[in-house]
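A.B. asks: Contents of query-v2.cif (mmCIF, C-alpha atoms):
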data_coords
loop_
_atom_site.group_PDB
_atom_site.id
_atom_site.type_symbol
_atom_site.label_atom_id
_atom_site.label_comp_id
_atom_site.auth_asym_id
_atom_site.auth_seq_id
_atom_site.Cartn_x
_atom_site.Cartn_y
_atom_site.Cartn_z
ATOM 1 C CA MET A 1 15.926 -143.755 -52.471
ATOM 2 C CA PHE A 2 15.377 -146.881 -54.520
ATOM 3 C CA LEU A 3 14.192 -149.055 -51.668
ATOM 4 C CA ALA A 4 11.983 -146.393 -50.160
ATOM 5 C CA GLN A 5 10.181 -146.000 -53.480
ATOM 6 C CA GLN A 6 9.802 -149.746 -54.018
ATOM 7 C CA ALA A 7 9.081 -150.986 -50.474
ATOM 8 C CA ALA A 8 5.298 -150.712 -50.500
ATOM 9 C CA THR A 9 4.820 -152.484 -53.830
ATOM 10 C CA SER A 10 7.836 -154.784 -54.190
ATOM 11 C CA VAL A 11 8.440 -155.969 -50.629
ATOM 12 C CA PRO A 12 5.226 -157.583 -49.398
ATOM 13 C CA SER A 13 6.978 -158.806 -46.240
ATOM 14 C CA ALA A 14 7.551 -155.247 -44.968
ATOM 15 C CA PRO A 15 4.982 -153.313 -42.900
ATOM 16 C CA GLY A 16 2.499 -151.282 -44.894
ATOM 17 C CA GLU A 17 3.075 -147.641 -45.661
ATOM 18 C CA SER A 18 3.000 -145.466 -42.508
ATOM 19 C CA VAL A 19 2.516 -148.549 -40.326
ATOM 20 C CA PRO A 20 4.848 -148.506 -37.286
ATOM 21 C CA LEU A 21 6.696 -151.738 -36.529
ATOM 22 C CA THR A 22 5.754 -152.288 -32.895
ATOM 23 C CA GLU A 23 5.607 -156.078 -32.647
ATOM 24 C CA SER A 24 7.394 -159.034 -34.188
ATOM 25 C CA TYR A 25 5.572 -160.811 -37.011
ATOM 26 C CA THR A 26 5.899 -163.593 -39.597
ATOM 27 C CA TYR A 27 5.225 -163.298 -43.320
ATOM 28 C CA HIS A 28 4.721 -166.291 -45.623
ATOM 29 C CA GLY A 29 4.775 -166.117 -49.405
ATOM 30 C CA PRO A 30 2.539 -168.394 -51.495
ATOM 31 C CA THR A 31 2.883 -172.107 -50.758
ATOM 32 C CA PRO A 32 4.579 -174.019 -53.625
ATOM 33 C CA THR A 33 2.533 -176.729 -55.285
ATOM 34 C CA ALA A 34 5.253 -178.893 -56.865
ATOM 35 C CA PRO A 35 5.673 -182.347 -55.297
ATOM 36 C CA GLY A 36 8.385 -182.771 -52.667
ATOM 37 C CA PRO A 37 10.570 -183.466 -50.897
ATOM 38 C CA TYR A 38 11.893 -179.910 -50.463
ATOM 39 C CA VAL A 39 15.226 -178.359 -49.520
ATOM 40 C CA LEU A 40 15.126 -175.269 -47.272
ATOM 41 C CA GLY A 41 17.718 -172.609 -46.426
ATOM 42 C CA VAL A 42 17.859 -170.283 -43.402
ATOM 43 C CA ASP A 43 19.713 -166.968 -43.038
ATOM 44 C CA GLU A 44 19.395 -163.664 -41.211
ATOM 45 C CA ALA A 45 19.914 -159.954 -41.734
ATOM 46 C CA GLY A 46 20.501 -157.334 -39.067
ATOM 47 C CA ARG A 47 22.124 -159.223 -36.218
ATOM 48 C CA GLY A 48 24.769 -156.604 -35.407
ATOM 49 C CA PRO A 49 23.121 -153.188 -35.962
ATOM 50 C CA VAL A 50 21.914 -151.051 -33.092
ATOM 51 C CA LEU A 51 18.950 -149.881 -35.205
ATOM 52 C CA GLY A 52 15.936 -151.737 -36.527
ATOM 53 C CA PRO A 53 14.700 -155.317 -36.588
ATOM 54 C CA LEU A 54 16.517 -158.613 -36.863
ATOM 55 C CA VAL A 55 15.028 -160.554 -39.786
ATOM 56 C CA TYR A 56 15.258 -164.296 -40.340
ATOM 57 C CA GLY A 57 14.427 -165.630 -43.765
ATOM 58 C CA VAL A 58 13.817 -169.067 -45.246
ATOM 59 C CA ALA A 59 13.563 -170.129 -48.876
ATOM 60 C CA TYR A 60 12.617 -173.555 -50.163
ATOM 61 C CA CYS A 61 12.184 -175.495 -53.392
ATOM 62 C CA PRO A 62 11.884 -179.158 -54.481
ATOM 63 C CA VAL A 63 15.125 -181.117 -54.173
ATOM 64 C CA SER A 64 14.663 -182.076 -57.829
ATOM 65 C CA TRP A 65 14.678 -178.350 -58.747
ATOM 66 C CA LYS A 66 18.139 -177.539 -57.343
ATOM 67 C CA LEU A 67 19.806 -177.267 -60.745
ATOM 68 C CA GLU A 68 17.198 -174.725 -61.851
ATOM 69 C CA LEU A 69 17.746 -172.751 -58.647
ATOM 70 C CA ASP A 70 21.480 -172.583 -59.325
ATOM 71 C CA LYS A 71 20.791 -170.657 -62.543
ATOM 72 C CA LEU A 72 18.819 -167.829 -60.915
ATOM 73 C CA GLY A 73 21.735 -165.833 -59.473
ATOM 74 C CA PHE A 74 21.143 -166.144 -55.743
ATOM 75 C CA ALA A 75 24.161 -165.472 -53.519
ATOM 76 C CA ASP A 76 25.148 -163.983 -50.184
ATOM 77 C CA SER A 77 23.034 -160.822 -50.105
ATOM 78 C CA LYS A 78 25.969 -158.767 -48.795
ATOM 79 C CA THR A 79 27.703 -159.244 -52.172
ATOM 80 C CA LEU A 80 24.728 -157.915 -54.151
ATOM 81 C CA THR A 81 23.580 -154.358 -54.853
ATOM 82 C CA PRO A 82 20.251 -153.198 -53.364
ATOM 83 C CA GLN A 83 18.663 -153.171 -56.818
ATOM 84 C CA LYS A 84 19.892 -156.697 -57.567
ATOM 85 C CA ARG A 85 18.469 -157.921 -54.257
ATOM 86 C CA ILE A 86 15.076 -156.425 -55.100
ATOM 87 C CA GLU A 87 15.169 -158.129 -58.492
ATOM 88 C CA LEU A 88 16.045 -161.475 -56.894
ATOM 89 C CA LEU A 89 13.201 -161.181 -54.408
ATOM 90 C CA GLN A 90 10.897 -160.726 -57.384
ATOM 91 C CA VAL A 91 12.468 -163.850 -58.926
ATOM 92 C CA LEU A 92 11.831 -165.692 -55.662
ATOM 93 C CA SER A 93 8.169 -164.722 -55.970
ATOM 94 C CA SER A 94 7.895 -165.418 -59.709
ATOM 95 C CA ASP A 95 7.523 -169.213 -59.639
ATOM 96 C CA PRO A 96 4.958 -170.088 -56.948
ATOM 97 C CA GLU A 97 4.872 -173.679 -58.160
ATOM 98 C CA ASN A 98 8.489 -174.343 -57.180
ATOM 99 C CA LEU A 99 9.702 -171.498 -54.962
ATOM 100 C CA GLY A 100 8.557 -170.483 -51.502
ATOM 101 C CA TRP A 101 9.870 -168.054 -48.907
ATOM 102 C CA SER A 102 9.026 -166.678 -45.475
ATOM 103 C CA VAL A 103 10.493 -164.200 -42.993
ATOM 104 C CA ARG A 104 10.319 -163.656 -39.265
ATOM 105 C CA VAL A 105 10.750 -159.977 -38.341
ATOM 106 C CA ILE A 106 11.911 -159.520 -34.743
ATOM 107 C CA SER A 107 11.182 -155.940 -33.725
ATOM 108 C CA PRO A 108 13.857 -153.871 -31.935
ATOM 109 C CA GLN A 109 11.473 -153.592 -28.981
ATOM 110 C CA ALA A 110 11.244 -157.386 -28.704
ATOM 111 C CA ILE A 111 15.021 -157.734 -28.965
ATOM 112 C CA SER A 112 15.523 -155.204 -26.164
ATOM 113 C CA MET A 113 12.825 -156.605 -23.890
ATOM 114 C CA GLY A 114 14.198 -160.107 -24.307
ATOM 115 C CA MET A 115 17.762 -159.128 -23.513
ATOM 116 C CA LEU A 116 16.896 -156.849 -20.585
ATOM 117 C CA LYS A 117 14.361 -159.022 -18.767
ATOM 118 C CA VAL A 118 15.274 -161.280 -15.844
ATOM 119 C CA PRO A 119 16.391 -163.881 -16.691
ATOM 120 C CA PRO A 120 17.440 -162.532 -20.103
ATOM 121 C CA THR A 121 16.761 -164.111 -23.474
ATOM 122 C CA ASN A 122 19.963 -163.412 -25.365
ATOM 123 C CA LEU A 123 20.175 -162.788 -29.091
ATOM 124 C CA ASN A 124 21.332 -166.337 -29.805
ATOM 125 C CA LYS A 125 18.216 -167.752 -28.166
ATOM 126 C CA GLN A 126 15.945 -165.281 -29.951
ATOM 127 C CA SER A 127 17.614 -166.230 -33.255
ATOM 128 C CA GLN A 128 17.202 -169.920 -32.523
ATOM 129 C CA ASP A 129 13.526 -169.447 -31.667
ATOM 130 C CA ALA A 130 12.928 -167.575 -34.945
ATOM 131 C CA THR A 131 14.612 -170.336 -36.961
ATOM 132 C CA ILE A 132 12.596 -173.085 -35.271
ATOM 133 C CA LEU A 133 9.341 -171.149 -35.684
ATOM 134 C CA LEU A 134 9.897 -170.680 -39.425
ATOM 135 C CA ILE A 135 10.780 -174.335 -40.031
ATOM 136 C CA ARG A 136 7.802 -175.498 -37.982
ATOM 137 C CA GLU A 137 5.375 -173.204 -39.796
ATOM 138 C CA VAL A 138 6.670 -174.281 -43.219
ATOM 139 C CA LEU A 139 6.017 -177.900 -42.204
ATOM 140 C CA GLN A 140 2.552 -176.925 -40.972
ATOM 141 C CA ARG A 141 1.848 -175.486 -44.422
ATOM 142 C CA GLY A 142 2.193 -179.018 -45.816
ATOM 143 C CA MET A 143 5.782 -178.874 -47.080
ATOM 144 C CA GLN A 144 7.778 -182.116 -46.884
ATOM 145 C CA LEU A 145 11.349 -181.137 -45.972
ATOM 146 C CA SER A 146 14.250 -183.546 -46.402
ATOM 147 C CA GLU A 147 17.226 -181.141 -46.242
ATOM 148 C CA VAL A 148 17.715 -177.905 -44.291
ATOM 149 C CA TYR A 149 20.803 -175.673 -44.522
ATOM 150 C CA VAL A 150 21.345 -173.043 -41.822
ATOM 151 C CA ASP A 151 23.831 -170.177 -41.827
ATOM 152 C CA ALA A 152 25.247 -169.796 -38.332
ATOM 153 C CA LEU A 153 28.010 -168.150 -36.323
ATOM 154 C CA GLY A 154 30.358 -169.849 -33.869
ATOM 155 C CA THR A 155 30.080 -173.498 -32.890
ATOM 156 C CA THR A 156 27.649 -175.294 -35.172
ATOM 157 C CA THR A 157 27.767 -178.968 -34.152
ATOM 158 C CA SER A 158 25.585 -178.711 -31.049
ATOM 159 C CA TYR A 159 23.040 -176.508 -32.848
ATOM 160 C CA GLU A 160 22.868 -178.989 -35.707
ATOM 161 C CA THR A 161 22.280 -181.841 -33.245
ATOM 162 C CA TYR A 162 19.583 -179.853 -31.449
ATOM 163 C CA LEU A 163 17.669 -179.051 -34.643
ATOM 164 C CA SER A 164 17.905 -182.689 -35.730
ATOM 165 C CA SER A 165 16.362 -183.754 -32.427
ATOM 166 C CA LEU A 166 13.448 -181.337 -32.888
ATOM 167 C CA PHE A 167 12.754 -182.362 -36.479
ATOM 168 C CA PRO A 168 13.614 -186.053 -36.897
ATOM 169 C CA GLY A 169 13.737 -187.246 -40.470
ATOM 170 C CA ILE A 170 15.237 -184.009 -41.798
ATOM 171 C CA GLN A 171 18.942 -183.797 -42.624
ATOM 172 C CA PHE A 172 20.372 -180.588 -41.140
ATOM 173 C CA THR A 173 23.579 -178.850 -42.170
ATOM 174 C CA VAL A 174 24.545 -175.913 -39.945
ATOM 175 C CA THR A 175 27.668 -174.137 -41.141
ATOM 176 C CA GLN A 176 29.341 -170.765 -41.357
ATOM 177 C CA LYS A 177 29.028 -168.840 -44.633
ATOM 178 C CA ALA A 178 26.216 -171.128 -45.772
ATOM 179 C CA ASP A 179 24.811 -168.226 -47.800
ATOM 180 C CA SER A 180 27.837 -168.410 -50.104
ATOM 181 C CA LYS A 181 27.972 -172.235 -50.161
ATOM 182 C CA PHE A 182 24.328 -173.108 -50.868
ATOM 183 C CA LYS A 183 22.070 -171.236 -53.306
ATOM 184 C CA ILE A 184 18.949 -171.946 -51.241
ATOM 185 C CA VAL A 185 20.555 -170.169 -48.267
ATOM 186 C CA GLY A 186 21.530 -167.310 -50.580
ATOM 187 C CA ALA A 187 17.851 -167.037 -51.532
ATOM 188 C CA ALA A 188 16.905 -166.909 -47.844
ATOM 189 C CA SER A 189 19.573 -164.254 -47.329
ATOM 190 C CA VAL A 190 18.002 -162.093 -50.049
ATOM 191 C CA ALA A 191 14.523 -162.421 -48.500
ATOM 192 C CA ALA A 192 15.827 -161.422 -45.071
ATOM 193 C CA LYS A 193 17.999 -158.538 -46.265
ATOM 194 C CA VAL A 194 15.421 -156.963 -48.586
ATOM 195 C CA THR A 195 12.778 -157.177 -45.855
ATOM 196 C CA ARG A 196 15.023 -155.553 -43.255
ATOM 197 C CA ASP A 197 16.137 -152.795 -45.642
ATOM 198 C CA ALA A 198 12.506 -152.045 -46.502
ATOM 199 C CA CYS A 199 11.635 -151.905 -42.785
ATOM 200 C CA ILE A 200 14.412 -149.370 -42.171
ATOM 201 C CA GLU A 201 13.841 -147.265 -45.307
ATOM 202 C CA GLY A 202 10.106 -147.041 -44.661
ATOM 203 C CA TRP A 203 10.335 -146.759 -40.878
ATOM 204 C CA SER A 204 7.330 -145.018 -39.366
ATOM 205 C CA PHE A 205 8.108 -143.522 -35.961
ATOM 206 C CA GLU A 206 5.338 -144.531 -33.570
ATOM 207 C CA GLU A 207 6.440 -141.693 -31.280
ATOM 208 C CA LEU A 208 5.213 -139.190 -33.891
ATOM 209 C CA ARG A 209 1.746 -140.593 -34.465
ATOM 210 C CA ASN A 210 -0.985 -137.974 -34.090
ATOM 211 C CA ILE A 211 1.593 -135.186 -33.897
ATOM 212 C CA GLU A 212 1.262 -132.401 -36.449
ATOM 213 C CA GLY A 213 4.383 -131.166 -38.199
ATOM 214 C CA GLU A 214 6.339 -134.246 -37.207
ATOM 215 C CA GLU A 215 8.474 -134.299 -40.358
ATOM 216 C CA GLY A 216 12.067 -133.429 -39.599
ATOM 217 C CA VAL A 217 11.874 -134.365 -35.921
ATOM 218 C CA PHE A 218 14.013 -137.429 -36.627
ATOM 219 C CA SER A 219 16.503 -137.482 -39.468
ATOM 220 C CA ARG A 220 16.323 -140.464 -41.817
ATOM 221 C CA ASP A 221 20.056 -140.479 -42.486
ATOM 222 C CA PHE A 222 20.582 -143.595 -40.349
ATOM 223 C CA GLY A 223 23.787 -144.795 -41.959
ATOM 224 C CA SER A 224 24.282 -148.564 -41.900
ATOM 225 C CA GLY A 225 22.809 -148.945 -38.427
ATOM 226 C CA TYR A 226 26.011 -150.442 -37.040
ATOM 227 C CA PRO A 227 27.388 -148.845 -33.835
ATOM 228 C CA SER A 228 30.781 -148.235 -35.478
ATOM 229 C CA ASP A 229 29.309 -146.245 -38.394
ATOM 230 C CA PRO A 230 29.948 -142.470 -37.926
ATOM 231 C CA LYS A 231 26.622 -141.661 -39.619
ATOM 232 C CA THR A 232 24.762 -143.945 -37.245
ATOM 233 C CA GLN A 233 26.598 -142.448 -34.281
ATOM 234 C CA GLU A 234 25.671 -138.922 -35.411
ATOM 235 C CA TRP A 235 22.024 -139.901 -35.918
ATOM 236 C CA MET A 236 21.859 -141.366 -32.424
ATOM 237 C CA LYS A 237 23.288 -138.182 -30.916
ATOM 238 C CA THR A 238 20.611 -136.068 -32.581
ATOM 239 C CA ALA A 239 17.793 -138.543 -31.811
ATOM 240 C CA LEU A 240 18.581 -138.808 -28.101
ATOM 241 C CA HIS A 241 16.081 -137.026 -25.846
ATOM 242 C CA PRO A 242 17.493 -136.449 -22.355
ATOM 243 C CA THR A 243 14.238 -137.488 -20.652
ATOM 244 C CA PHE A 244 12.602 -139.994 -23.021
ATOM 245 C CA GLY A 245 15.738 -141.556 -24.479
ATOM 246 C CA PHE A 246 15.595 -142.956 -28.022
ATOM 247 C CA PRO A 247 12.734 -143.784 -30.392
ATOM 248 C CA SER A 248 11.772 -147.454 -30.653
ATOM 249 C CA LEU A 249 13.910 -147.908 -33.770
ATOM 250 C CA VAL A 250 16.851 -148.229 -31.360
ATOM 251 C CA ARG A 251 17.764 -151.442 -29.538
ATOM 252 C CA PHE A 252 18.032 -150.300 -25.925
ATOM 253 C CA SER A 253 19.871 -153.456 -24.909
ATOM 254 C CA TRP A 254 23.009 -152.561 -26.903
ATOM 255 C CA THR A 255 26.003 -151.403 -24.849
ATOM 256 C CA THR A 256 26.373 -148.392 -27.160
ATOM 257 C CA VAL A 257 22.934 -147.179 -26.100
ATOM 258 C CA LYS A 258 23.571 -147.711 -22.398
ATOM 259 C CA VAL A 259 26.782 -145.669 -22.600
ATOM 260 C CA MET A 260 25.055 -142.799 -24.425
ATOM 261 C CA LEU A 261 22.150 -142.724 -21.977
ATOM 262 C CA ASP A 262 24.489 -142.751 -18.979
ATOM 263 C CA LYS A 263 26.460 -139.881 -20.488
ATOM 264 C CA SER A 264 23.783 -137.626 -21.990
ATOM 265 C CA ALA A 265 20.372 -138.485 -20.501
ATOM 266 C CA HIS A 266 18.884 -137.353 -17.205
ATOM 267 C CA PRO A 267 19.650 -139.677 -14.281
ATOM 268 C CA VAL A 268 16.714 -141.603 -12.858
ATOM 269 C CA LYS A 269 16.102 -141.976 -9.127
ATOM 270 C CA TRP A 270 13.643 -144.727 -8.273
ATOM 271 C CA ILE A 271 10.983 -143.872 -5.701
ATOM 272 C CA ASP A 272 12.106 -146.500 -3.197
ATOM 273 C CA ASP A 273 15.740 -145.381 -3.281
ATOM 274 C CA GLY A 274 16.721 -143.773 0.004
ATOM 275 C CA GLN A 275 13.887 -145.379 1.960
ATOM 276 C CA GLU A 276 16.264 -147.109 4.329
ATOM 277 C CA SER A 277 14.353 -145.860 7.377
ATOM 278 C CA SER A 278 11.155 -147.583 6.254
ATOM 279 C CA VAL A 279 13.027 -150.781 5.625
ATOM 280 C CA ALA A 280 14.660 -150.577 9.044
ATOM 281 C CA ALA A 281 11.268 -150.133 10.689
ATOM 282 C CA PHE A 282 10.331 -153.677 9.746
ATOM 283 C CA GLY A 283 13.011 -155.035 12.046
ATOM 284 C CA SER A 284 12.463 -152.695 14.997
ATOM 285 C CA GLY A 285 9.591 -154.524 16.775
ATOM 286 C CA ARG A 286 9.511 -157.301 19.258
ATOM 287 C CA GLY A 287 7.429 -160.434 19.500
ATOM 288 C CA ARG A 288 4.475 -160.302 17.172
ATOM 289 C CA ASP A 289 5.337 -156.705 16.308
ATOM 290 C CA LYS A 290 8.604 -157.835 14.798
ATOM 291 C CA ASP A 291 8.802 -157.385 10.992
ATOM 292 C CA ARG A 292 5.861 -154.945 11.089
ATOM 293 C CA ASN A 293 6.448 -151.370 9.975
ATOM 294 C CA THR A 294 5.247 -148.200 11.670
ATOM 295 C CA ILE A 295 2.246 -147.850 9.352
ATOM 296 C CA THR A 296 0.684 -151.083 10.580
ATOM 297 C CA LYS A 297 1.211 -149.927 14.139
ATOM 298 C CA ASP A 298 -0.338 -146.508 13.500
ATOM 299 C CA LEU A 299 -3.394 -148.197 12.012
ATOM 300 C CA CYS A 300 -3.621 -150.529 15.016
ATOM 301 C CA LEU A 301 -3.309 -153.596 12.813
ATOM 302 C CA HIS A 302 -2.462 -156.730 14.795
ATOM 303 C CA SER A 303 -1.346 -160.213 13.904
ATOM 304 C CA VAL A 304 -3.883 -162.988 14.396
ATOM 305 C CA GLY A 305 -2.363 -166.093 15.909
ATOM 306 C CA ILE A 306 -5.402 -168.405 15.796
ATOM 307 C CA LEU A 307 -8.584 -168.038 13.759
#
Go ahead and render the structure in this file as structure tokens.
C.D. replies:
Amino acid sequence: MFLAQQAATSVPSAPGESVPLTESYTYHGPTPTAPGPYVLGVDEAGRGPVLGPLVYGVAYCPVSWKLELDKLGFADSKTLTPQKRIELLQVLSSDPENLGWSVRVISPQAISMGMLKVPPTNLNKQSQDATILLIREVLQRGMQLSEVYVDALGTTTSYETYLSSLFPGIQFTVTQKADSKFKIVGAASVAAKVTRDACIEGWSFEELRNIEGEEGVFSRDFGSGYPSDPKTQEWMKTALHPTFGFPSLVRFSWTTVKVMLDKSAHPVKWIDDGQESSVAAFGSGRGRDKDRNTITKDLCLHSVGIL
């Protein structure tokens, strides 16, 4: 496949060859040297799929260079072919004086752990954190930002106000379909999409490390990664192990995964299920023996009233 062949050499923001993606990470391209102020765009790739990472990308250039940017062909990455996206990422890297870009790759494990912990960190909050981290790190690299455009879903006014409060002095525009309205957001969209595609195409299964003859254990015909895609559904059926569940490519926090595990995986019985008698023993004593279980009594352990 085109991306699989090009990932190692053309997509520096993807993990190295045969390197499993086990933790989230940030990649920064070269820092532009042209004088500011700069305009920056933010977009993501991979919010909806059940497979693989969620990638946030930013691209930035001098405000005075906007007309030049408009000539380069950047657009919503979903409207471009994979080969065209690769070419545009190379364009984004071809003028280090004026163009800069970065990505934040949120691993599927991090997505799942965030959404399943108590209290949960939902995908909106994880997306917000990635956006803030990228903007903050671009500023820390010495870039003077005057305008930031963010592609967002749903209500945008409160998010725009929040970002403005975090970064005073920067004019924020948070809007839907920003990747088709602003070329700098289209550039960020390309960086995010190419990085995610390279992560998926070159995915190294950590479950198969140090296992001989591992090829063929997991098919690489993932489909689009969306839960509604028949190819993705078929891949998930074949990848499901009844005891160990899915490989770490899968986001365990998705409802699709929960349904499949409930239906096809072995049920789990926790060791303290059915221990009602032990629990009841805590309330069976009197006086100082109250709330003490039978084990403490058998060991002749007593409460100390005064030391």
A.B. asks: Which distance in Å separates CA of Pro108 (chain A) and CA of Pro53 (chain A), to one decimal?
C.D. replies: 4.9 Å
A.B. asks: Name the residues in contact with His28 (chain A) at a cut-off of 7 Å, using only C-alpha atoms, excluding same-chain residues fewer than 2 positions from it; report them as a list in words.
C.D. replies: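 The filter keeps Thr26, Pro30, Trp101, Ser102 and Val103 of chain A.
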A.B. asks: With distances taken over all atoms listed in the file, which of A:Val217, A:Ala14, A:Leu249, A:Ile200 is nearest to Ala110 (chain A)?
C.D. replies: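 Closest residue, counting all atoms listed in the file: A:Leu249.
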A.B. asks: Which residues would end up in the selection if the PyMOL selection byres ((chain A and resi 261) around 12) were applied here, given that I need the answer as a PDB file with C-alpha atoms, in the coordinates of the input?
C.D. replies:
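Writing done, so here's out-v3.pdb:
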ATOM      1  CA  MET A 236      21.859-141.366 -32.424  1.00  0.00           C
ATOM      2  CA  LYS A 237      23.288-138.182 -30.916  1.00  0.00           C
ATOM      3  CA  ALA A 239      17.793-138.543 -31.811  1.00  0.00           C
ATOM      4  CA  LEU A 240      18.581-138.808 -28.101  1.00  0.00           C
ATOM      5  CA  HIS A 241      16.081-137.026 -25.846  1.00  0.00           C
ATOM      6  CA  PRO A 242      17.493-136.449 -22.355  1.00  0.00           C
ATOM      7  CA  THR A 243      14.238-137.488 -20.652  1.00  0.00           C
ATOM      8  CA  PHE A 244      12.602-139.994 -23.021  1.00  0.00           C
ATOM      9  CA  GLY A 245      15.738-141.556 -24.479  1.00  0.00           C
ATOM     10  CA  PHE A 246      15.595-142.956 -28.022  1.00  0.00           C
ATOM     11  CA  PHE A 252      18.032-150.300 -25.925  1.00  0.00           C
ATOM     12  CA  SER A 253      19.871-153.456 -24.909  1.00  0.00           C
ATOM     13  CA  TRP A 254      23.009-152.561 -26.903  1.00  0.00           C
ATOM     14  CA  THR A 255      26.003-151.403 -24.849  1.00  0.00           C
ATOM     15  CA  THR A 256      26.373-148.392 -27.160  1.00  0.00           C
ATOM     16  CA  VAL A 257      22.934-147.179 -26.100  1.00  0.00           C
ATOM     17  CA  LYS A 258      23.571-147.711 -22.398  1.00  0.00           C
ATOM     18  CA  VAL A 259      26.782-145.669 -22.600  1.00  0.00           C
ATOM     19  CA  MET A 260      25.055-142.799 -24.425  1.00  0.00           C
ATOM     20  CA  ASP A 262      24.489-142.751 -18.979  1.00  0.00           C
ATOM     21  CA  LYS A 263      26.460-139.881 -20.488  1.00  0.00           C
ATOM     22  CA  SER A 264      23.783-137.626 -21.990  1.00  0.00           C
ATOM     23  CA  ALA A 265      20.372-138.485 -20.501  1.00  0.00           C
ATOM     24  CA  HIS A 266      18.884-137.353 -17.205  1.00  0.00           C
ATOM     25  CA  PRO A 267      19.650-139.677 -14.281  1.00  0.00           C
ATOM     26  CA  VAL A 268      16.714-141.603 -12.858  1.00  0.00           C
TER      27      VAL A 268
END
A.B. asks: Might you spell out which residues the PyMOL selection byres ((chain A and resi 92-95) around 12) would select in the displayed file, as a ChimeraX atom specification?
C.D. replies: /A:10-13,28-34,58-61,65,68-69,72-74,85-91,96-102,183-184,186-191,194
A.B. asks: Selected by the PyMOL selection byres ((chain A and resi 152-162) around 6) in the shown coordinates: which residues, as JSON, numbers by chain?
C.D. replies: {"A": [151, 163, 164, 165, 174, 175, 176]}
A.B. asks: How many Å separate CA of Leu134 (chain A) from CA of Phe222 (chain A)?
C.D. replies: 29.1 Å
A.B. asks: So that each row is one residue of region 20-71 of chain A with an atom at most 12 Å from region 228-232 of chain A, can you give its shortest atom pair and the distance in Å to one decimal, using only C-alpha atoms, rows by chain and rising number, as a tab-separated table?
C.D. replies:
residue	atom	partner	partner_atom	distance
A:Gly48	CA	A:Ser228	CA	10.3
A:Pro49	CA	A:Ser228	CA	9.1
A:Val50	CA	A:Thr232	CA	8.7
A:Leu51	CA	A:Thr232	CA	8.6
A:Gly52	CA	A:Thr232	CA	11.8
A.B. asks: Save the residues we just selected, C-alpha atoms, as a compact mmCIF listing (two decimals), keeping the file's coordinate frame?
C.D. replies:
# COMPACT_ATOMS: atom_id res chain seq x y z
CA GLY A 48 24.77 -156.60 -35.41
CA PRO A 49 23.12 -153.19 -35.96
CA VAL A 50 21.91 -151.05 -33.09
CA LEU A 51 18.95 -149.88 -35.20
CA GLY A 52 15.94 -151.74 -36.53
A.B. asks: With N, CA and C atoms as the target, complete region 74-86 of chain A and hand it back as a PDB file, in the coordinates of the input.
C.D. replies:
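So the final result, stored in part_25.pdb, reads:
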ATOM      1  N   PHE A  74      21.153-166.399 -57.179  1.00  0.00           N
ATOM      2  CA  PHE A  74      21.143-166.144 -55.743  1.00  0.00           C
ATOM      3  C   PHE A  74      22.535-166.307 -55.155  1.00  0.00           C
ATOM      4  N   ALA A  75      22.850-165.461 -54.167  1.00  0.00           N
ATOM      5  CA  ALA A  75      24.161-165.472 -53.519  1.00  0.00           C
ATOM      6  C   ALA A  75      24.028-164.766 -52.177  1.00  0.00           C
ATOM      7  N   ASP A  76      25.110-164.741 -51.430  1.00  0.00           N
ATOM      8  CA  ASP A  76      25.148-163.983 -50.184  1.00  0.00           C
ATOM      9  C   ASP A  76      24.683-162.552 -50.469  1.00  0.00           C
ATOM     10  N   SER A  77      23.635-162.124 -49.792  1.00  0.00           N
ATOM     11  CA  SER A  77      23.034-160.822 -50.105  1.00  0.00           C
ATOM     12  C   SER A  77      24.001-159.662 -49.909  1.00  0.00           C
ATOM     13  N   LYS A  78      25.006-159.836 -49.048  1.00  0.00           N
ATOM     14  CA  LYS A  78      25.969-158.767 -48.795  1.00  0.00           C
ATOM     15  C   LYS A  78      26.834-158.487 -50.025  1.00  0.00           C
ATOM     16  N   THR A  79      26.897-159.430 -50.964  1.00  0.00           N
ATOM     17  CA  THR A  79      27.703-159.244 -52.172  1.00  0.00           C
ATOM     18  C   THR A  79      26.900-158.645 -53.317  1.00  0.00           C
ATOM     19  N   LEU A  80      25.619-158.391 -53.094  1.00  0.00           N
ATOM     20  CA  LEU A  80      24.728-157.915 -54.151  1.00  0.00           C
ATOM     21  C   LEU A  80      24.350-156.457 -53.912  1.00  0.00           C
ATOM     22  N   THR A  81      24.054-155.734 -54.982  1.00  0.00           N
ATOM     23  CA  THR A  81      23.580-154.358 -54.853  1.00  0.00           C
ATOM     24  C   THR A  81      22.127-154.364 -54.377  1.00  0.00           C
ATOM     25  N   PRO A  82      21.659-153.265 -53.784  1.00  0.00           N
ATOM     26  CA  PRO A  82      20.251-153.198 -53.364  1.00  0.00           C
ATOM     27  C   PRO A  82      19.283-153.477 -54.510  1.00  0.00           C
ATOM     28  N   GLN A  83      19.564-152.946 -55.686  1.00  0.00           N
ATOM     29  CA  GLN A  83      18.663-153.171 -56.818  1.00  0.00           C
ATOM     30  C   GLN A  83      18.653-154.640 -57.221  1.00  0.00           C
ATOM     31  N   LYS A  84      19.825-155.284 -57.216  1.00  0.00           N
ATOM     32  CA  LYS A  84      19.892-156.697 -57.567  1.00  0.00           C
ATOM     33  C   LYS A  84      19.131-157.542 -56.546  1.00  0.00           C
ATOM     34  N   ARG A  85      19.197-157.171 -55.290  1.00  0.00           N
ATOM     35  CA  ARG A  85      18.469-157.921 -54.257  1.00  0.00           C
ATOM     36  C   ARG A  85      16.961-157.814 -54.480  1.00  0.00           C
ATOM     37  N   ILE A  86      16.499-156.608 -54.807  1.00  0.00           N
ATOM     38  CA  ILE A  86      15.076-156.425 -55.100  1.00  0.00           C
ATOM     39  C   ILE A  86      14.656-157.305 -56.278  1.00  0.00           C
TER      40      ILE A  86
END
